[in-house]
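Before any comments, here is the structure.
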Amino acid sequence: MSAKVFVSRPIPEPGLESLKQAGLRVEVNPEDRVLTSEELVRFCRGKEGLLCLLTDAIDRAFLDQVPDLKSVATMSVGYNHIDLEAAAEKGIGVSNTPGVLTDATAELTWALLLAVARRIPEAARFLRGGEFTGWGPMLFLGTELYGKTLGIVGAGRIGTAVGLRAAAFGMKVIYSDPRRNRELEKRTRAEPAELDRLLAESDFASLHVPLTEETRGLIGRGELRRMKKSAFLINVSRGAVVDEEALAEALREQEIAGAGLDVYEKEPHVHPGLLTLKNVVLLPHIGSATVETRTRMAVMAGEDLAAMLAGRPPANPVPLPR
Ligand code: DGY
């Protein structure tokens with residue numbers, strides 16, 4: 001009898017195809033919305049596999065209620081929504097989708113950075129609001145990138161891809177990461193730096209760390225105060241890496257020049273203090289949202305779920321604690 005799997009939300013069709021071609025019996029959330037934890041349990045009862053998203057809380061309470069579950073494939077590179085300890089205890093395999101979203105996320109980082117530096121959303125609103133009465137020497141003056149310093153916090157795949165694109169804008173790159181990144185150093189002459197130095201020297205500080213106990217609240221009041229008044233903070237990683245309250249205050253008090261955010265501490269909730277500010281560009285967590293990338297993510301998650309259920313190792317296992 002073939003295994004049953006649940007897909008927690010409609011995903012690109014090729015992802016579902018990879019599950020069906022593996023002979024799995026597939027049920028998909030009929031609605032395009034995040035399920036409540038009770039609904040997720042109900043749908044997952046009796047299923048051996050789950051293809052989930054970063055919006056699903058795969059915590060101990062959930063895993064306790066779905067004893068048939070053997071494998072979880074998350075269609076995301078981040079896996080902070082999964083209790084790995086509980087999964088390991090229960091012998092549940094976990095996979096994620098690294099690599100395939102690197103370029104899309106790096107591109108969005110630059111879109112955000114340029115948008116906030118050149119005040120693009122603000123200027124576009126101005127025009128559509130009928131306020132454009134002609135070119136003006138002081139109209140929407142922004143900040144140039146050329147010759148400025150980009151600080152990359154977390155030089156993994158995405159941080160590296162962001163850094164490699166900095167050469168196109170004539171920027172200097174510095175990075176902070178527990179490990180030396182020789183590729184970034186060689187290709188961009190990037191210098192490693194402690195976080196404090198990076199924050200003090202960067203004109204644009206861009207966050208690319210996973211959310212872990214070490215990185216939660218990494219950028220708080222003290223860190224924001226280290227930044228230049230003319231600097232911008234960009235976050236496409238996870239919202240909880242930044243203390244949103246402290247950021248809203250720093251932006252309001254113009255302790256830093258601006259921010260570009262794609263992620264939030266308590267998504268989909270956005271700190272109300274951010275919503276009213278002009279010097280912040282806010283996007284709805286769309287870092288990997290391209291047709292190409294989401295299709296690759298869906299297929300990768302589907303193939304890995306099928307592999308795990310067939311007793312084979314997935315191509316992208318999430319390391320579980322022992
Ligand atoms: C991920 O995959 O973790 C991203 O945040 C989603 O785009």
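Chain labels A, B, ... are given in the sequence in which chains occur in the structure tokens; within each chain residues are numbered consecutively from 1, and ligands are likewise numbered from 1 in the order shown.
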Test item: residues at most 9 Å from range 228-237 of chain A, only C-alpha atoms, excluding those fewer than 6 positions along its chain, as a VMD selection string: chain A and resid 78 105 to 106 108 to 109 112 to 113 116 to 117 143 199 to 211 254 to 264 285 to 287
What would the file look like if the residues just selected were written as a PDB file, in the first residue's frame with C-alpha atoms?
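Result file result00.pdb:
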ATOM      1  CA  GLY A  78      14.834  27.957   6.998  1.00  0.00           C
ATOM      2  CA  THR A 105      16.746  35.997  -2.373  1.00  0.00           C
ATOM      3  CA  ALA A 106      19.975  37.810  -3.229  1.00  0.00           C
ATOM      4  CA  LEU A 108      15.389  40.705  -3.643  1.00  0.00           C
ATOM      5  CA  THR A 109      17.991  41.936  -1.161  1.00  0.00           C
ATOM      6  CA  LEU A 112      15.112  46.295  -1.152  1.00  0.00           C
ATOM      7  CA  LEU A 113      18.445  47.999  -0.741  1.00  0.00           C
ATOM      8  CA  VAL A 116      15.169  52.242   0.391  1.00  0.00           C
ATOM      9  CA  ALA A 117      18.346  54.039  -0.744  1.00  0.00           C
ATOM     10  CA  THR A 143      21.714  57.836  -1.233  1.00  0.00           C
ATOM     11  CA  LEU A 199      27.946  47.787  12.124  1.00  0.00           C
ATOM     12  CA  ALA A 200      30.115  50.828  12.749  1.00  0.00           C
ATOM     13  CA  GLU A 201      31.615  50.863   9.239  1.00  0.00           C
ATOM     14  CA  SER A 202      28.750  49.762   6.993  1.00  0.00           C
ATOM     15  CA  ASP A 203      26.642  52.131   4.962  1.00  0.00           C
ATOM     16  CA  PHE A 204      24.318  49.203   4.321  1.00  0.00           C
ATOM     17  CA  ALA A 205      24.188  46.270   6.738  1.00  0.00           C
ATOM     18  CA  SER A 206      22.403  43.228   5.331  1.00  0.00           C
ATOM     19  CA  LEU A 207      21.331  40.258   7.460  1.00  0.00           C
ATOM     20  CA  HIS A 208      21.628  36.689   6.150  1.00  0.00           C
ATOM     21  CA  VAL A 209      21.775  34.475   9.227  1.00  0.00           C
ATOM     22  CA  PRO A 210      19.424  31.608  10.079  1.00  0.00           C
ATOM     23  CA  LEU A 211      17.241  32.092  13.158  1.00  0.00           C
ATOM     24  CA  GLN A 254      16.627  58.872  12.832  1.00  0.00           C
ATOM     25  CA  GLU A 255      19.436  57.081  14.631  1.00  0.00           C
ATOM     26  CA  ILE A 256      19.837  55.241  11.327  1.00  0.00           C
ATOM     27  CA  ALA A 257      18.764  56.459   7.892  1.00  0.00           C
ATOM     28  CA  GLY A 258      16.422  53.672   6.888  1.00  0.00           C
ATOM     29  CA  ALA A 259      15.597  50.000   6.637  1.00  0.00           C
ATOM     30  CA  GLY A 260      14.402  47.506   4.076  1.00  0.00           C
ATOM     31  CA  LEU A 261      12.548  44.561   5.564  1.00  0.00           C
ATOM     32  CA  ASP A 262      11.088  41.414   4.027  1.00  0.00           C
ATOM     33  CA  VAL A 263      10.594  39.522   7.295  1.00  0.00           C
ATOM     34  CA  TYR A 264       9.046  40.268  10.698  1.00  0.00           C
ATOM     35  CA  HIS A 285       8.281  37.928   2.893  1.00  0.00           C
ATOM     36  CA  ILE A 286       8.808  37.472  -0.852  1.00  0.00           C
ATOM     37  CA  GLY A 287      12.558  36.760  -0.896  1.00  0.00           C
TER      38      GLY A 287
END
Env. residues ligand 1 / 10 Å / only C-alpha atoms and all ligand atoms / as number ranges by chain: A: 53-55, 74-81, 96-102, 104-105, 210-211, 236-239, 262-263, 285-290, 293-294, 297
Point-to-point distance from CA of Tyr175 in chain A to CA of Gly156 in chain A, Å rounded to tenths: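 Between these atoms lies a distance of 10.4 Å.
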For CA of Asn29 in chain A and CA of Pro10 in chain A, the interatomic separation in Å (one decimal):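 Taking CA of Asn29 in chain A as the start and CA of Pro10 in chain A as the end point, the length is 6.4 Å.
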Selected residue, from A:Ile120, A:Cys44, A:Val94, A:Leu84, that lies nearest to Leu305 in chain A when counting only C-alpha atoms: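 Of all the options, A:Val94 lies closest to Leu305 in chain A.
Using only C-alpha atoms, the contacts of range 30-36 of chain A at a cut-off of 12 Å, with sequence neighbours closer than 5 positions omitted, comprise Phe6, Val7, Ser8, Arg9, Pro10, Ile11, Val41, Arg42, Phe43, Cys44, Cys52, Leu53, Leu54, Thr55, Asp56, Ala57, Ile58, Phe62, Glu267 and Pro268 of chain A.
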Could you write those residues out with C-alpha atoms, as a compact mmCIF listing (two decimals), in the first residue's frame?
# COMPACT_ATOMS: atom_id res chain seq x y z
CA PHE A 6 -0.29 15.80 3.11
CA VAL A 7 0.75 19.07 1.47
CA SER A 8 -0.13 21.95 3.77
CA ARG A 9 -0.94 24.47 1.04
CA PRO A 10 -1.26 24.55 -2.75
CA ILE A 11 2.27 24.63 -4.24
CA VAL A 41 -3.29 17.77 12.99
CA ARG A 42 -6.61 16.66 11.50
CA PHE A 43 -5.25 16.58 7.96
CA CYS A 44 -2.01 14.85 9.00
CA CYS A 52 5.03 21.80 4.91
CA LEU A 53 5.90 25.47 4.70
CA LEU A 54 7.66 27.90 7.01
CA THR A 55 4.26 29.11 8.23
CA ASP A 56 3.41 25.71 9.78
CA ALA A 57 4.42 25.17 13.40
CA ILE A 58 5.90 21.66 13.40
CA PHE A 62 1.89 18.79 16.77
CA GLU A 267 4.55 37.36 10.82
CA PRO A 268 2.12 38.33 9.45
DSSP-assigned strand (DSSP E) among range 156-301 of chain A, expressed as a PyMOL selection string: chain A and resi 172-176+191-192+204-207+232-235+258-261+280-282
Atomic distance CA of Ala111 in chain A - CA of Phe132 in chain A, expressed in Å with one decimal: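 Value for the CA of Ala111 in chain A-CA of Phe132 in chain A distance: 23.4 Å.
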Distance query Ile92 in chain A at most 12 Å, only C-alpha atoms, self and fewer than 3 positions along chain excluded, as an mmCIF file with C-alpha atoms, in the first residue's frame:
data_model
loop_
_atom_site.group_PDB
_atom_site.id
_atom_site.type_symbol
_atom_site.label_atom_id
_atom_site.label_comp_id
_atom_site.auth_asym_id
_atom_site.auth_seq_id
_atom_site.Cartn_x
_atom_site.Cartn_y
_atom_site.Cartn_z
ATOM 1 C CA GLU A 48 3.268 9.167 6.771
ATOM 2 C CA GLY A 49 4.579 12.254 4.996
ATOM 3 C CA LEU A 50 4.114 15.995 5.291
ATOM 4 C CA ILE A 58 5.896 21.664 13.403
ATOM 5 C CA ARG A 60 6.360 18.910 19.761
ATOM 6 C CA LEU A 63 4.234 15.820 16.413
ATOM 7 C CA ASP A 64 2.743 14.186 19.533
ATOM 8 C CA VAL A 66 0.407 12.547 14.506
ATOM 9 C CA PRO A 67 2.028 9.217 15.439
ATOM 10 C CA ASP A 68 2.016 7.878 11.856
ATOM 11 C CA LEU A 69 4.192 10.704 10.537
ATOM 12 C CA LYS A 70 7.633 9.504 9.412
ATOM 13 C CA SER A 71 8.992 12.286 7.209
ATOM 14 C CA VAL A 72 8.677 16.047 6.935
ATOM 15 C CA ALA A 73 9.920 18.026 3.937
ATOM 16 C CA ILE A 82 10.394 22.653 13.142
ATOM 17 C CA ASP A 83 11.239 21.206 16.550
ATOM 18 C CA LEU A 84 14.225 19.127 15.470
ATOM 19 C CA GLU A 85 14.746 17.619 18.890
ATOM 20 C CA ALA A 86 11.193 16.270 18.974
ATOM 21 C CA ALA A 87 11.532 15.047 15.372
ATOM 22 C CA ALA A 88 14.785 13.235 16.220
ATOM 23 C CA GLU A 89 13.252 11.609 19.304
ATOM 24 C CA SER A 95 14.539 17.865 4.723
ATOM 25 C CA LEU A 305 9.752 13.565 0.781
ATOM 26 C CA MET A 308 12.556 9.569 2.694
ATOM 27 C CA LEU A 309 9.299 7.614 2.492
ATOM 28 C CA GLY A 311 13.683 4.608 2.822
ATOM 29 C CA PRO A 317 18.585 16.396 4.963
ATOM 30 C CA VAL A 318 18.265 18.744 7.904
ATOM 31 C CA PRO A 319 20.798 17.518 10.490
ATOM 32 C CA LEU A 320 18.949 16.296 13.560
ATOM 33 C CA PRO A 321 20.333 16.455 17.101
#
